[in-house]
Amino acid sequence: MEKTNKATSKWWELFRFLVCGIAAALGDYLAAQLIVLAMPGVNEIVVTVVSTTVGFIVGVTINYIISTFWVYQNVDESVQTKSKRFIILFVVLSFISMLLSIGTMLLCDVVVTKAMQLDSIVQASIISLIKNYGIAFLAQANFWTYFVSFVLKTLVGLIWNYFTRKYFLYKEPKSN
């Protein structure tokens, strides 16, 4: 039976990518929640854009560091992951991911506020919900609609990021 090389195994790489994505999403989520808390009563679109942007900056920083030093271990030697050009391309592709994320959150907010006739999801800060409802915040529609919207936003970014990083940034060496 052949032993799996963890550096070149696609499954191990996917596992590392998912761990990286979870860490980046957690950083993104916590940063976004802090911004939502800091902006009570501000227009929902402004809160969405600012909180998503700050979350993006935190998330992309975590993602770049973990991706470069741990996730992609089977990268062609010609790929210079620490060069200015590479970092700019990483940020540009991540910025496109952020725009997709903002669009996803705004679309979810429209669905929640218009179709479901609930309060705006971007005002659903976990801390304010806990303060107002205690542990019963888990029964609040705003918590769950925000959570589901955040998961959808994250999945859109995850799919975009995996394919752009795998096939444009961290290219594998060509096999003979």
# chains A, B, ... in the order shown; residues from 1 in each chain; ligands from 1
call {"tool": "residues_around", "arguments": {"residues": "region 69-73 of chain A", "least_positions_apart": "3", "cutoff": "12 Å", "atoms": "only C-alpha atoms", "output": "number ranges by chain"}}
result
A: 5-21, 62-66, 76-77, 79, 81-82, 162, 165-167, 169-173
call {"tool": "atom_distance", "arguments": {"atom1": "CA of Ala38 (chain A)", "atom2": "CA of Ala139 (chain A)"}}
result
23.8 Å
call {"tool": "closest_atom_pairs", "arguments": {"of": "region 47-104 of chain A", "to": "region 151-154 of chain A", "cutoff": "12 Å", "atoms": "only C-alpha atoms", "output": "CSV"}}
result
residue,atom,partner,partner_atom,distance
A:Thr52,CA,A:Lys153,CA,10.0
A:Gly55,CA,A:Thr154,CA,11.3
A:Phe56,CA,A:Thr154,CA,10.6
A:Gly59,CA,A:Thr154,CA,10.7
A:Ser97,CA,A:Thr154,CA,9.4
A:Met98,CA,A:Lys153,CA,9.1
A:Leu99,CA,A:Lys153,CA,10.2
A:Leu100,CA,A:Lys153,CA,7.8
A:Ser101,CA,A:Lys153,CA,4.9
A:Ile102,CA,A:Lys153,CA,7.7
A:Gly103,CA,A:Lys153,CA,8.4
A:Thr104,CA,A:Lys153,CA,5.5
call {"tool": "write_last_selection", "arguments": {"atoms": "C-alpha atoms", "output": "PDB file, in the first residue's frame"}}
result
ATOM      1  CA  THR A  52     -17.708  43.401   5.329  1.00  0.00           C
ATOM      2  CA  GLY A  55     -13.875  41.637   8.008  1.00  0.00           C
ATOM      3  CA  PHE A  56     -12.346  41.132   4.552  1.00  0.00           C
ATOM      4  CA  GLY A  59      -9.775  37.530   6.789  1.00  0.00           C
ATOM      5  CA  SER A  97     -14.223  37.734  -3.528  1.00  0.00           C
ATOM      6  CA  MET A  98     -15.092  40.572  -1.144  1.00  0.00           C
ATOM      7  CA  LEU A  99     -17.308  42.216  -3.781  1.00  0.00           C
ATOM      8  CA  LEU A 100     -19.068  38.906  -4.294  1.00  0.00           C
ATOM      9  CA  SER A 101     -19.450  38.671  -0.503  1.00  0.00           C
ATOM     10  CA  ILE A 102     -20.879  42.187  -0.193  1.00  0.00           C
ATOM     11  CA  GLY A 103     -23.295  41.435  -3.008  1.00  0.00           C
ATOM     12  CA  THR A 104     -24.341  38.206  -1.319  1.00  0.00           C
TER      13      THR A 104
END
call {"tool": "atom_distance", "arguments": {"atom1": "CA of Ile57 (chain A)", "atom2": "CA of Phe150 (chain A)"}}
result
16.0 Å
call {"tool": "select_by_dssp", "arguments": {"residues": "region 27-93 of chain A", "states": "helix (DSSP H, G or I)", "output": "ChimeraX atom specification"}}
result
/A:27-38,44-71,84-93
call {"tool": "residues_around", "arguments": {"residues": "Phe168 (chain A)", "least_positions_apart": "5", "cutoff": "10 Å", "atoms": "only C-alpha atoms", "output": "short mmCIF file (atom, residue, chain, number, x, y, z; two decimals) with N, CA, C and O atoms, in the first residue's frame"}}
result
data_model
loop_
_atom_site.label_atom_id
_atom_site.label_comp_id
_atom_site.auth_asym_id
_atom_site.auth_seq_id
_atom_site.Cartn_x
_atom_site.Cartn_y
_atom_site.Cartn_z
N LEU A 89 -1.74 40.38 -6.76
CA LEU A 89 -2.70 39.49 -7.42
C LEU A 89 -3.58 38.77 -6.39
O LEU A 89 -4.78 38.65 -6.56
N PHE A 90 -2.97 38.34 -5.27
CA PHE A 90 -3.71 37.70 -4.19
C PHE A 90 -4.78 38.65 -3.66
O PHE A 90 -5.94 38.28 -3.47
N LEU A 93 -7.61 39.33 -6.40
CA LEU A 93 -8.55 38.20 -6.46
C LEU A 93 -9.39 38.11 -5.19
O LEU A 93 -10.58 37.79 -5.23
N TYR A 162 -10.87 29.19 -3.59
CA TYR A 162 -10.21 27.91 -3.83
C TYR A 162 -9.76 27.80 -5.29
O TYR A 162 -8.61 27.49 -5.57
N PHE A 163 -10.67 28.07 -6.19
CA PHE A 163 -10.33 27.91 -7.60
C PHE A 163 -9.31 28.94 -8.08
O PHE A 163 -8.40 28.61 -8.83
#
call {"tool": "closest_residue", "arguments": {"among": "A:Val148, A:Val156, A:Ala24, A:Ile135", "to": "Ser67 (chain A)", "atoms": "only C-alpha atoms"}}
result
A:Ala24
call {"tool": "decode", "arguments": {"residues": "region 82-94 of chain A", "atoms": "all heavy atoms", "output": "PDB file, in the first residue's frame"}}
result
ATOM      1  N   LYS A  82       6.001  35.388  -2.174  1.00  0.00           N
ATOM      2  CA  LYS A  82       6.244  36.551  -1.310  1.00  0.00           C
ATOM      3  C   LYS A  82       6.607  37.800  -2.116  1.00  0.00           C
ATOM      4  O   LYS A  82       6.959  38.823  -1.552  1.00  0.00           O
ATOM      5  CB  LYS A  82       7.328  36.218  -0.299  1.00  0.00           C
ATOM      6  CG  LYS A  82       6.877  35.110   0.662  1.00  0.00           C
ATOM      7  CD  LYS A  82       8.007  34.573   1.496  1.00  0.00           C
ATOM      8  CE  LYS A  82       7.613  33.293   2.148  1.00  0.00           C
ATOM      9  NZ  LYS A  82       7.994  32.099   1.446  1.00  0.00           N
ATOM     10  N   SER A  83       6.472  37.722  -3.445  1.00  0.00           N
ATOM     11  CA  SER A  83       6.787  38.880  -4.299  1.00  0.00           C
ATOM     12  C   SER A  83       5.633  39.878  -4.266  1.00  0.00           C
ATOM     13  O   SER A  83       4.480  39.520  -3.977  1.00  0.00           O
ATOM     14  CB  SER A  83       7.031  38.433  -5.742  1.00  0.00           C
ATOM     15  OG  SER A  83       5.822  37.997  -6.338  1.00  0.00           O
ATOM     16  N   LYS A  84       5.935  41.146  -4.583  1.00  0.00           N
ATOM     17  CA  LYS A  84       4.903  42.187  -4.614  1.00  0.00           C
ATOM     18  C   LYS A  84       3.822  41.834  -5.634  1.00  0.00           C
ATOM     19  O   LYS A  84       2.641  42.009  -5.372  1.00  0.00           O
ATOM     20  CB  LYS A  84       5.511  43.542  -4.955  1.00  0.00           C
ATOM     21  CG  LYS A  84       6.247  44.184  -3.829  1.00  0.00           C
ATOM     22  CD  LYS A  84       6.760  45.544  -4.243  1.00  0.00           C
ATOM     23  CE  LYS A  84       7.631  46.116  -3.141  1.00  0.00           C
ATOM     24  NZ  LYS A  84       8.188  47.416  -3.522  1.00  0.00           N
ATOM     25  N   ARG A  85       4.219  41.350  -6.800  1.00  0.00           N
ATOM     26  CA  ARG A  85       3.271  41.003  -7.857  1.00  0.00           C
ATOM     27  C   ARG A  85       2.284  39.937  -7.366  1.00  0.00           C
ATOM     28  O   ARG A  85       1.086  40.040  -7.576  1.00  0.00           O
ATOM     29  CB  ARG A  85       4.015  40.508  -9.096  1.00  0.00           C
ATOM     30  CG  ARG A  85       3.109  40.166 -10.248  1.00  0.00           C
ATOM     31  CD  ARG A  85       3.927  39.593 -11.433  1.00  0.00           C
ATOM     32  NE  ARG A  85       3.086  39.195 -12.526  1.00  0.00           N
ATOM     33  CZ  ARG A  85       2.368  38.072 -12.585  1.00  0.00           C
ATOM     34  NH1 ARG A  85       2.395  37.224 -11.574  1.00  0.00           N
ATOM     35  NH2 ARG A  85       1.618  37.784 -13.629  1.00  0.00           N
ATOM     36  N   PHE A  86       2.813  38.906  -6.708  1.00  0.00           N
ATOM     37  CA  PHE A  86       1.968  37.825  -6.202  1.00  0.00           C
ATOM     38  C   PHE A  86       0.996  38.357  -5.150  1.00  0.00           C
ATOM     39  O   PHE A  86      -0.196  38.050  -5.184  1.00  0.00           O
ATOM     40  CB  PHE A  86       2.830  36.709  -5.606  1.00  0.00           C
ATOM     41  CG  PHE A  86       2.033  35.522  -5.145  1.00  0.00           C
ATOM     42  CD1 PHE A  86       1.795  34.460  -5.997  1.00  0.00           C
ATOM     43  CD2 PHE A  86       1.513  35.469  -3.860  1.00  0.00           C
ATOM     44  CE1 PHE A  86       1.056  33.368  -5.586  1.00  0.00           C
ATOM     45  CE2 PHE A  86       0.759  34.385  -3.437  1.00  0.00           C
ATOM     46  CZ  PHE A  86       0.539  33.327  -4.307  1.00  0.00           C
ATOM     47  N   ILE A  87       1.504  39.143  -4.216  1.00  0.00           N
ATOM     48  CA  ILE A  87       0.657  39.676  -3.141  1.00  0.00           C
ATOM     49  C   ILE A  87      -0.433  40.576  -3.722  1.00  0.00           C
ATOM     50  O   ILE A  87      -1.598  40.503  -3.311  1.00  0.00           O
ATOM     51  CB  ILE A  87       1.503  40.412  -2.080  1.00  0.00           C
ATOM     52  CG1 ILE A  87       2.390  39.391  -1.343  1.00  0.00           C
ATOM     53  CG2 ILE A  87       0.629  41.177  -1.095  1.00  0.00           C
ATOM     54  CD1 ILE A  87       3.448  39.997  -0.448  1.00  0.00           C
ATOM     55  N   ILE A  88      -0.083  41.404  -4.717  1.00  0.00           N
ATOM     56  CA  ILE A  88      -1.084  42.263  -5.354  1.00  0.00           C
ATOM     57  C   ILE A  88      -2.152  41.411  -6.037  1.00  0.00           C
ATOM     58  O   ILE A  88      -3.355  41.671  -5.892  1.00  0.00           O
ATOM     59  CB  ILE A  88      -0.420  43.245  -6.348  1.00  0.00           C
ATOM     60  CG1 ILE A  88       0.372  44.301  -5.567  1.00  0.00           C
ATOM     61  CG2 ILE A  88      -1.459  43.903  -7.257  1.00  0.00           C
ATOM     62  CD1 ILE A  88       1.286  45.156  -6.421  1.00  0.00           C
ATOM     63  N   LEU A  89      -1.739  40.376  -6.765  1.00  0.00           N
ATOM     64  CA  LEU A  89      -2.703  39.489  -7.422  1.00  0.00           C
ATOM     65  C   LEU A  89      -3.576  38.774  -6.385  1.00  0.00           C
ATOM     66  O   LEU A  89      -4.785  38.648  -6.560  1.00  0.00           O
ATOM     67  CB  LEU A  89      -1.977  38.475  -8.314  1.00  0.00           C
ATOM     68  CG  LEU A  89      -2.860  37.585  -9.189  1.00  0.00           C
ATOM     69  CD1 LEU A  89      -3.799  38.405 -10.063  1.00  0.00           C
ATOM     70  CD2 LEU A  89      -1.989  36.682 -10.052  1.00  0.00           C
ATOM     71  N   PHE A  90      -2.965  38.339  -5.274  1.00  0.00           N
ATOM     72  CA  PHE A  90      -3.707  37.699  -4.188  1.00  0.00           C
ATOM     73  C   PHE A  90      -4.780  38.655  -3.655  1.00  0.00           C
ATOM     74  O   PHE A  90      -5.938  38.278  -3.475  1.00  0.00           O
ATOM     75  CB  PHE A  90      -2.740  37.295  -3.067  1.00  0.00           C
ATOM     76  CG  PHE A  90      -3.358  36.455  -1.989  1.00  0.00           C
ATOM     77  CD1 PHE A  90      -3.238  35.079  -2.024  1.00  0.00           C
ATOM     78  CD2 PHE A  90      -4.043  37.025  -0.924  1.00  0.00           C
ATOM     79  CE1 PHE A  90      -3.801  34.283  -1.023  1.00  0.00           C
ATOM     80  CE2 PHE A  90      -4.608  36.254   0.070  1.00  0.00           C
ATOM     81  CZ  PHE A  90      -4.480  34.880   0.021  1.00  0.00           C
ATOM     82  N   VAL A  91      -4.394  39.904  -3.421  1.00  0.00           N
ATOM     83  CA  VAL A  91      -5.326  40.892  -2.879  1.00  0.00           C
ATOM     84  C   VAL A  91      -6.414  41.238  -3.901  1.00  0.00           C
ATOM     85  O   VAL A  91      -7.589  41.347  -3.537  1.00  0.00           O
ATOM     86  CB  VAL A  91      -4.579  42.156  -2.394  1.00  0.00           C
ATOM     87  CG1 VAL A  91      -5.541  43.275  -2.040  1.00  0.00           C
ATOM     88  CG2 VAL A  91      -3.699  41.824  -1.192  1.00  0.00           C
ATOM     89  N   VAL A  92      -6.049  41.378  -5.183  1.00  0.00           N
ATOM     90  CA  VAL A  92      -7.049  41.693  -6.215  1.00  0.00           C
ATOM     91  C   VAL A  92      -8.080  40.570  -6.325  1.00  0.00           C
ATOM     92  O   VAL A  92      -9.291  40.823  -6.348  1.00  0.00           O
ATOM     93  CB  VAL A  92      -6.375  41.967  -7.580  1.00  0.00           C
ATOM     94  CG1 VAL A  92      -7.382  41.973  -8.722  1.00  0.00           C
ATOM     95  CG2 VAL A  92      -5.618  43.292  -7.539  1.00  0.00           C
ATOM     96  N   LEU A  93      -7.614  39.327  -6.396  1.00  0.00           N
ATOM     97  CA  LEU A  93      -8.553  38.202  -6.463  1.00  0.00           C
ATOM     98  C   LEU A  93      -9.386  38.114  -5.189  1.00  0.00           C
ATOM     99  O   LEU A  93     -10.577  37.793  -5.231  1.00  0.00           O
ATOM    100  CB  LEU A  93      -7.806  36.890  -6.725  1.00  0.00           C
ATOM    101  CG  LEU A  93      -7.194  36.772  -8.126  1.00  0.00           C
ATOM    102  CD1 LEU A  93      -6.308  35.538  -8.231  1.00  0.00           C
ATOM    103  CD2 LEU A  93      -8.270  36.768  -9.195  1.00  0.00           C
ATOM    104  N   SER A  94      -8.782  38.424  -4.053  1.00  0.00           N
ATOM    105  CA  SER A  94      -9.517  38.442  -2.787  1.00  0.00           C
ATOM    106  C   SER A  94     -10.521  39.593  -2.762  1.00  0.00           C
ATOM    107  O   SER A  94     -11.607  39.463  -2.203  1.00  0.00           O
ATOM    108  CB  SER A  94      -8.547  38.557  -1.613  1.00  0.00           C
ATOM    109  OG  SER A  94      -7.715  37.428  -1.550  1.00  0.00           O
TER     110      SER A  94
END
